[in-house]
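> Quick one: structure below, then a few questions.
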Amino acid sequence: MASKIATEMTEEEITMDMTPMIDCTFLLLIFFMCTLNFKSMEGLLISNLPKEEGIFNVASKSNPMEPIHIALKNAPGSIQITVGSDSMRDFDEVYSRVRLFVQQSVTLAENKPIPYILIVDDQVAFAHVISAINVAHKINNENIGKELSVEFKLTN
Amino acid sequence: MAKKSRELPEISMDMTPMIDVVFNLLIFFMLVNQMAQVERAVLALPKADQAKEEQQIGEISQLIINVHKTGDLEIAGNKVTWNEFTKILEEETREKDKEGNSQRAILIRGDCEAEFRVIKEVMFECAKNKIFKVSFSAELDK
């Protein structure tokens with residue numbers, strides 16, 4: 001009798017219930033899928049800092065081209081943009097003005113890039129600075145014969 | 001004539017491949033989640049339609065400096081003080097070329113609402129350490 005019970009016990013199939021593990025795994029999977037921050041389409045705007053002595057005044061001494069000065073000043077609720085001494089409504093207007101300037105300077109014999117100097121107030125949001133740099137890169141990518149070199153006038 | 005009752009064979013599904021796939025996916029998401037957070041902080045980057053994708057520029061060994069809206073600096077997943085930042089820059093720029101300039105490139109990832117004051121200070125520090133290759137991160141706006 002005892003030996004019969006023993007053989008029945010050894011023959012009993014041992015199974016593991018996988019359901020809770022699969023449930024947990026799926027929950028974790030869903031959690032990670034939901035919380036994953038997909039890498040946004042990120043790009044670069046290349047710029048160079050001035051190599052001249054005295055980084056406070058960036059205008060390149062070795063470049064004889066007349067520079068274009070873009071000033072960004074913080075105004076209540078908006079931003080004040082000036083190209084040279086002219087006030088601009090937005091960056092589209094800056095683009096038109098600078099493009100015209102670049103086109104006119106194509107005839108000049110010098111092959112050096114035109115300094116595109118940004119003078120930015122401390123309180124100006126970084127997004128506006130990027131918009132200003134973007135204008136220069138847009139003009140450069142159009143290959144109209146002259147290039148702009150983005151530079152900063154850094155003042156303490 | 002009496003009908004013979006046929007015993008249906010027991011149908012069982014092999015769960016092993018499914019569990020394998022699920023575990024692989026799980027490991028993938030866990031790893032990707034960690035890696036993405038290390039160097040690049042979650043920032044609202046400014047948009048620029050002329051920004052070039054990093055693949056277009058090629059592999060550049062660059063130090064990524066994240067500038068938060070509050071002006072805090074973050075490098076490699078750690079928030080750093082100004083003193084720590086200057087020390088990191090000094091260490092990163094020990095190797096100089098014949099002209100005494102560093103060949104290290106810097107990528108500034110600034111929040112779109114960050115004040116230019118902080119970015120300017122970062123650029124000052126880079127120039128002091130003879131780093132002239134500076135790029136800005138922007139969200140591709142196409």
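We label chains A, B, ... in the order they appear in the structure tokens, count residues from 1 in each chain, and number ligands from 1 in the order shown.
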Neighbouring residues of Glu39 of chain B were defined as those with any atom within 7 Å, considering only C-alpha atoms; residues of the same chain fewer than 2 positions away were excluded. Please report them as a PyMOL selection string.

chain B and resi 37+41+64+75-77

> Would you give me, as a PDB file with N, CA and C atoms, in the first residue's frame, the residues of chain A that come within 8 Å of chain B, using only C-alpha atoms?


```
ATOM      1  N   ILE A  22       4.150  36.447 -15.924  1.00  0.00           N
ATOM      2  CA  ILE A  22       3.855  37.082 -17.219  1.00  0.00           C
ATOM      3  C   ILE A  22       3.095  38.392 -16.989  1.00  0.00           C
ATOM      4  N   THR A  25       5.615  40.971 -15.844  1.00  0.00           N
ATOM      5  CA  THR A  25       6.500  41.333 -16.949  1.00  0.00           C
ATOM      6  C   THR A  25       5.792  42.280 -17.915  1.00  0.00           C
ATOM      7  N   PHE A  26       4.548  41.965 -18.223  1.00  0.00           N
ATOM      8  CA  PHE A  26       3.800  42.835 -19.135  1.00  0.00           C
ATOM      9  C   PHE A  26       3.563  44.217 -18.526  1.00  0.00           C
ATOM     10  N   LEU A  28       5.503  45.733 -16.363  1.00  0.00           N
ATOM     11  CA  LEU A  28       6.790  46.439 -16.445  1.00  0.00           C
ATOM     12  C   LEU A  28       7.045  46.935 -17.862  1.00  0.00           C
ATOM     13  N   LEU A  29       6.763  46.070 -18.815  1.00  0.00           N
ATOM     14  CA  LEU A  29       6.973  46.418 -20.221  1.00  0.00           C
ATOM     15  C   LEU A  29       6.137  47.629 -20.606  1.00  0.00           C
ATOM     16  N   PHE A  32       7.581  50.800 -18.968  1.00  0.00           N
ATOM     17  CA  PHE A  32       8.780  51.351 -19.621  1.00  0.00           C
ATOM     18  C   PHE A  32       8.443  51.941 -20.991  1.00  0.00           C
ATOM     19  N   MET A  33       7.512  51.313 -21.680  1.00  0.00           N
ATOM     20  CA  MET A  33       7.124  51.849 -22.995  1.00  0.00           C
ATOM     21  C   MET A  33       6.465  53.211 -22.844  1.00  0.00           C
ATOM     22  N   LEU A  36       9.134  55.962 -21.556  1.00  0.00           N
ATOM     23  CA  LEU A  36      10.323  56.184 -22.384  1.00  0.00           C
ATOM     24  C   LEU A  36      10.233  57.542 -23.070  1.00  0.00           C
ATOM     25  N   ASN A  37      11.279  58.314 -22.907  1.00  0.00           N
ATOM     26  CA  ASN A  37      11.337  59.598 -23.617  1.00  0.00           C
ATOM     27  C   ASN A  37      12.065  59.368 -24.926  1.00  0.00           C
ATOM     28  N   LYS A  39      14.039  60.102 -28.058  1.00  0.00           N
ATOM     29  CA  LYS A  39      14.983  61.161 -28.377  1.00  0.00           C
ATOM     30  C   LYS A  39      14.357  62.081 -29.428  1.00  0.00           C
ATOM     31  N   SER A  40      14.251  63.350 -29.065  1.00  0.00           N
ATOM     32  CA  SER A  40      13.637  64.276 -30.016  1.00  0.00           C
ATOM     33  C   SER A  40      14.600  64.489 -31.188  1.00  0.00           C
ATOM     34  N   MET A  41      14.060  64.906 -32.274  1.00  0.00           N
ATOM     35  CA  MET A  41      14.895  65.164 -33.446  1.00  0.00           C
ATOM     36  C   MET A  41      15.741  66.392 -33.137  1.00  0.00           C
ATOM     37  N   GLU A  42      16.960  66.104 -32.742  1.00  0.00           N
ATOM     38  CA  GLU A  42      17.819  67.180 -32.275  1.00  0.00           C
ATOM     39  C   GLU A  42      18.909  67.473 -33.298  1.00  0.00           C
ATOM     40  N   GLY A  43      19.151  68.733 -33.534  1.00  0.00           N
ATOM     41  CA  GLY A  43      20.189  69.107 -34.489  1.00  0.00           C
ATOM     42  C   GLY A  43      21.166  70.091 -33.877  1.00  0.00           C
ATOM     43  N   LEU A  44      22.193  70.417 -34.638  1.00  0.00           N
ATOM     44  CA  LEU A  44      23.232  71.311 -34.139  1.00  0.00           C
ATOM     45  C   LEU A  44      23.332  72.560 -34.997  1.00  0.00           C
ATOM     46  N   LEU A  45      23.624  73.657 -34.340  1.00  0.00           N
ATOM     47  CA  LEU A  45      23.960  74.891 -35.046  1.00  0.00           C
ATOM     48  C   LEU A  45      25.401  75.191 -34.662  1.00  0.00           C
ATOM     49  N   ILE A  46      26.292  75.035 -35.612  1.00  0.00           N
ATOM     50  CA  ILE A  46      27.710  75.185 -35.297  1.00  0.00           C
ATOM     51  C   ILE A  46      28.099  76.653 -35.262  1.00  0.00           C
ATOM     52  N   SER A  47      28.898  76.966 -34.281  1.00  0.00           N
ATOM     53  CA  SER A  47      29.377  78.335 -34.136  1.00  0.00           C
ATOM     54  C   SER A  47      30.829  78.280 -33.664  1.00  0.00           C
ATOM     55  N   ASN A  48      31.510  79.355 -33.792  1.00  0.00           N
ATOM     56  CA  ASN A  48      32.894  79.405 -33.320  1.00  0.00           C
ATOM     57  C   ASN A  48      33.085  80.610 -32.426  1.00  0.00           C
ATOM     58  N   LEU A  49      33.838  80.392 -31.380  1.00  0.00           N
ATOM     59  CA  LEU A  49      34.160  81.523 -30.517  1.00  0.00           C
ATOM     60  C   LEU A  49      35.390  82.220 -31.090  1.00  0.00           C
ATOM     61  N   PRO A  50      35.525  83.497 -30.835  1.00  0.00           N
ATOM     62  CA  PRO A  50      36.649  84.234 -31.422  1.00  0.00           C
ATOM     63  C   PRO A  50      37.984  83.797 -30.836  1.00  0.00           C
ATOM     64  N   LYS A  51      39.005  83.742 -31.697  1.00  0.00           N
ATOM     65  CA  LYS A  51      40.331  83.332 -31.235  1.00  0.00           C
ATOM     66  C   LYS A  51      41.216  84.524 -30.875  1.00  0.00           C
ATOM     67  N   ILE A  55      38.477  88.352 -25.403  1.00  0.00           N
ATOM     68  CA  ILE A  55      37.254  87.749 -25.937  1.00  0.00           C
ATOM     69  C   ILE A  55      36.059  88.682 -25.794  1.00  0.00           C
ATOM     70  N   VAL A 120      23.765  90.470 -27.533  1.00  0.00           N
ATOM     71  CA  VAL A 120      22.542  89.995 -26.866  1.00  0.00           C
ATOM     72  C   VAL A 120      22.521  90.437 -25.414  1.00  0.00           C
ATOM     73  N   ASP A 121      21.370  90.943 -24.990  1.00  0.00           N
ATOM     74  CA  ASP A 121      21.173  91.312 -23.580  1.00  0.00           C
ATOM     75  C   ASP A 121      21.146  90.062 -22.706  1.00  0.00           C
ATOM     76  N   ASP A 122      21.570  90.227 -21.464  1.00  0.00           N
ATOM     77  CA  ASP A 122      21.619  89.075 -20.548  1.00  0.00           C
ATOM     78  C   ASP A 122      20.266  88.399 -20.343  1.00  0.00           C
ATOM     79  N   GLN A 123      19.213  89.179 -20.336  1.00  0.00           N
ATOM     80  CA  GLN A 123      17.900  88.617 -19.987  1.00  0.00           C
ATOM     81  C   GLN A 123      17.164  87.993 -21.177  1.00  0.00           C
ATOM     82  N   VAL A 124      17.730  88.106 -22.347  1.00  0.00           N
ATOM     83  CA  VAL A 124      17.050  87.570 -23.550  1.00  0.00           C
ATOM     84  C   VAL A 124      17.007  86.039 -23.475  1.00  0.00           C
ATOM     85  N   ALA A 125      15.843  85.491 -23.825  1.00  0.00           N
ATOM     86  CA  ALA A 125      15.686  84.034 -23.792  1.00  0.00           C
ATOM     87  C   ALA A 125      16.549  83.381 -24.878  1.00  0.00           C
ATOM     88  N   PHE A 126      17.099  82.235 -24.552  1.00  0.00           N
ATOM     89  CA  PHE A 126      18.016  81.539 -25.451  1.00  0.00           C
ATOM     90  C   PHE A 126      17.358  81.216 -26.808  1.00  0.00           C
ATOM     91  N   ALA A 127      16.046  81.021 -26.802  1.00  0.00           N
ATOM     92  CA  ALA A 127      15.324  80.684 -28.046  1.00  0.00           C
ATOM     93  C   ALA A 127      15.508  81.783 -29.100  1.00  0.00           C
ATOM     94  N   VAL A 129      18.075  83.796 -29.362  1.00  0.00           N
ATOM     95  CA  VAL A 129      19.472  83.755 -29.852  1.00  0.00           C
ATOM     96  C   VAL A 129      19.576  82.677 -30.941  1.00  0.00           C
ATOM     97  N   ILE A 130      18.947  81.545 -30.675  1.00  0.00           N
ATOM     98  CA  ILE A 130      18.967  80.444 -31.655  1.00  0.00           C
ATOM     99  C   ILE A 130      18.280  80.891 -32.951  1.00  0.00           C
ATOM    100  N   SER A 131      17.181  81.641 -32.826  1.00  0.00           N
ATOM    101  CA  SER A 131      16.485  82.132 -34.027  1.00  0.00           C
ATOM    102  C   SER A 131      17.408  83.035 -34.845  1.00  0.00           C
ATOM    103  N   ASN A 134      19.941  80.945 -36.499  1.00  0.00           N
ATOM    104  CA  ASN A 134      19.250  80.203 -37.559  1.00  0.00           C
ATOM    105  C   ASN A 134      19.165  81.015 -38.856  1.00  0.00           C
ATOM    106  N   HIS A 137      22.475  80.762 -40.647  1.00  0.00           N
ATOM    107  CA  HIS A 137      22.657  79.434 -41.255  1.00  0.00           C
ATOM    108  C   HIS A 137      21.756  79.266 -42.485  1.00  0.00           C
ATOM    109  N   LYS A 138      20.572  79.861 -42.431  1.00  0.00           N
ATOM    110  CA  LYS A 138      19.643  79.780 -43.563  1.00  0.00           C
ATOM    111  C   LYS A 138      20.248  80.464 -44.791  1.00  0.00           C
ATOM    112  N   LEU A 154      30.671  89.472 -26.694  1.00  0.00           N
ATOM    113  CA  LEU A 154      30.450  89.130 -25.287  1.00  0.00           C
ATOM    114  C   LEU A 154      30.966  90.260 -24.416  1.00  0.00           C
TER     115      LEU A 154
END
```

> Counting only C-alpha atoms, what is within 8 Å of Tyr95 of chain A, bar same-chain residues fewer than 3 positions away, as a PDB file with all heavy atoms, in the first residue's frame?


```pdb
ATOM      1  N   PHE A  91      12.136  87.912 -37.015  1.00  0.00           N
ATOM      2  CA  PHE A  91      13.343  87.329 -37.615  1.00  0.00           C
ATOM      3  C   PHE A  91      13.204  87.126 -39.131  1.00  0.00           C
ATOM      4  O   PHE A  91      14.206  87.002 -39.822  1.00  0.00           O
ATOM      5  CB  PHE A  91      13.718  86.018 -36.908  1.00  0.00           C
ATOM      6  CG  PHE A  91      14.320  86.267 -35.553  1.00  0.00           C
ATOM      7  CD1 PHE A  91      13.575  86.080 -34.405  1.00  0.00           C
ATOM      8  CD2 PHE A  91      15.623  86.728 -35.437  1.00  0.00           C
ATOM      9  CE1 PHE A  91      14.119  86.336 -33.157  1.00  0.00           C
ATOM     10  CE2 PHE A  91      16.181  86.993 -34.195  1.00  0.00           C
ATOM     11  CZ  PHE A  91      15.419  86.791 -33.050  1.00  0.00           C
ATOM     12  N   ASP A  92      11.971  87.114 -39.636  1.00  0.00           N
ATOM     13  CA  ASP A  92      11.780  87.043 -41.089  1.00  0.00           C
ATOM     14  C   ASP A  92      12.298  88.328 -41.743  1.00  0.00           C
ATOM     15  O   ASP A  92      12.908  88.300 -42.815  1.00  0.00           O
ATOM     16  CB  ASP A  92      10.287  86.844 -41.429  1.00  0.00           C
ATOM     17  CG  ASP A  92       9.813  85.459 -41.055  1.00  0.00           C
ATOM     18  OD1 ASP A  92      10.667  84.547 -41.007  1.00  0.00           O
ATOM     19  OD2 ASP A  92       8.605  85.286 -40.796  1.00  0.00           O
ATOM     20  N   VAL A  98      19.264  90.960 -44.016  1.00  0.00           N
ATOM     21  CA  VAL A  98      20.644  90.433 -44.041  1.00  0.00           C
ATOM     22  C   VAL A  98      20.931  89.788 -45.383  1.00  0.00           C
ATOM     23  O   VAL A  98      22.028  89.937 -45.945  1.00  0.00           O
ATOM     24  CB  VAL A  98      20.868  89.439 -42.867  1.00  0.00           C
ATOM     25  CG1 VAL A  98      22.238  88.789 -42.957  1.00  0.00           C
ATOM     26  CG2 VAL A  98      20.710  90.137 -41.533  1.00  0.00           C
ATOM     27  N   ARG A  99      19.968  89.117 -45.940  1.00  0.00           N
ATOM     28  CA  ARG A  99      20.145  88.452 -47.246  1.00  0.00           C
ATOM     29  C   ARG A  99      20.462  89.492 -48.322  1.00  0.00           C
ATOM     30  O   ARG A  99      21.343  89.287 -49.164  1.00  0.00           O
ATOM     31  CB  ARG A  99      18.878  87.670 -47.614  1.00  0.00           C
ATOM     32  CG  ARG A  99      19.081  86.686 -48.750  1.00  0.00           C
ATOM     33  CD  ARG A  99      17.816  85.916 -49.049  1.00  0.00           C
ATOM     34  NE  ARG A  99      18.073  84.819 -49.956  1.00  0.00           N
ATOM     35  CZ  ARG A  99      18.225  84.943 -51.255  1.00  0.00           C
ATOM     36  NH1 ARG A  99      18.152  86.139 -51.814  1.00  0.00           N
ATOM     37  NH2 ARG A  99      18.469  83.895 -52.016  1.00  0.00           N
ATOM     38  N   VAL A 135      18.963  82.323 -38.712  1.00  0.00           N
ATOM     39  CA  VAL A 135      18.882  83.211 -39.884  1.00  0.00           C
ATOM     40  C   VAL A 135      20.196  83.143 -40.674  1.00  0.00           C
ATOM     41  O   VAL A 135      20.197  82.991 -41.900  1.00  0.00           O
ATOM     42  CB  VAL A 135      18.577  84.668 -39.441  1.00  0.00           C
ATOM     43  CG1 VAL A 135      18.781  85.638 -40.585  1.00  0.00           C
ATOM     44  CG2 VAL A 135      17.160  84.784 -38.907  1.00  0.00           C
ATOM     45  N   ALA A 136      21.316  83.223 -39.945  1.00  0.00           N
ATOM     46  CA  ALA A 136      22.635  83.193 -40.603  1.00  0.00           C
ATOM     47  C   ALA A 136      22.856  81.849 -41.312  1.00  0.00           C
ATOM     48  O   ALA A 136      23.345  81.814 -42.450  1.00  0.00           O
ATOM     49  CB  ALA A 136      23.729  83.430 -39.572  1.00  0.00           C
ATOM     50  N   ILE A 139      20.835  81.628 -44.561  1.00  0.00           N
ATOM     51  CA  ILE A 139      21.463  82.373 -45.661  1.00  0.00           C
ATOM     52  C   ILE A 139      22.681  81.603 -46.182  1.00  0.00           C
ATOM     53  O   ILE A 139      22.877  81.483 -47.393  1.00  0.00           O
ATOM     54  CB  ILE A 139      21.814  83.812 -45.215  1.00  0.00           C
ATOM     55  CG1 ILE A 139      20.516  84.595 -44.954  1.00  0.00           C
ATOM     56  CG2 ILE A 139      22.666  84.530 -46.261  1.00  0.00           C
ATOM     57  CD1 ILE A 139      20.670  85.885 -44.206  1.00  0.00           C
TER      58      ILE A 139
END
```

> Among chain B, which residues carry a DSSP assignment of alpha helix (DSSP H), reported as a PyMOL selection string?

chain B and resi 16-39+54-57+82-92+116-128

> Where does DSSP see strand (DSSP E or B) in chain B, if you list the residues as number ranges by chain?

B: 47-48, 52-53, 62-67, 73-75, 78-80, 96, 102-110, 115, 131-140
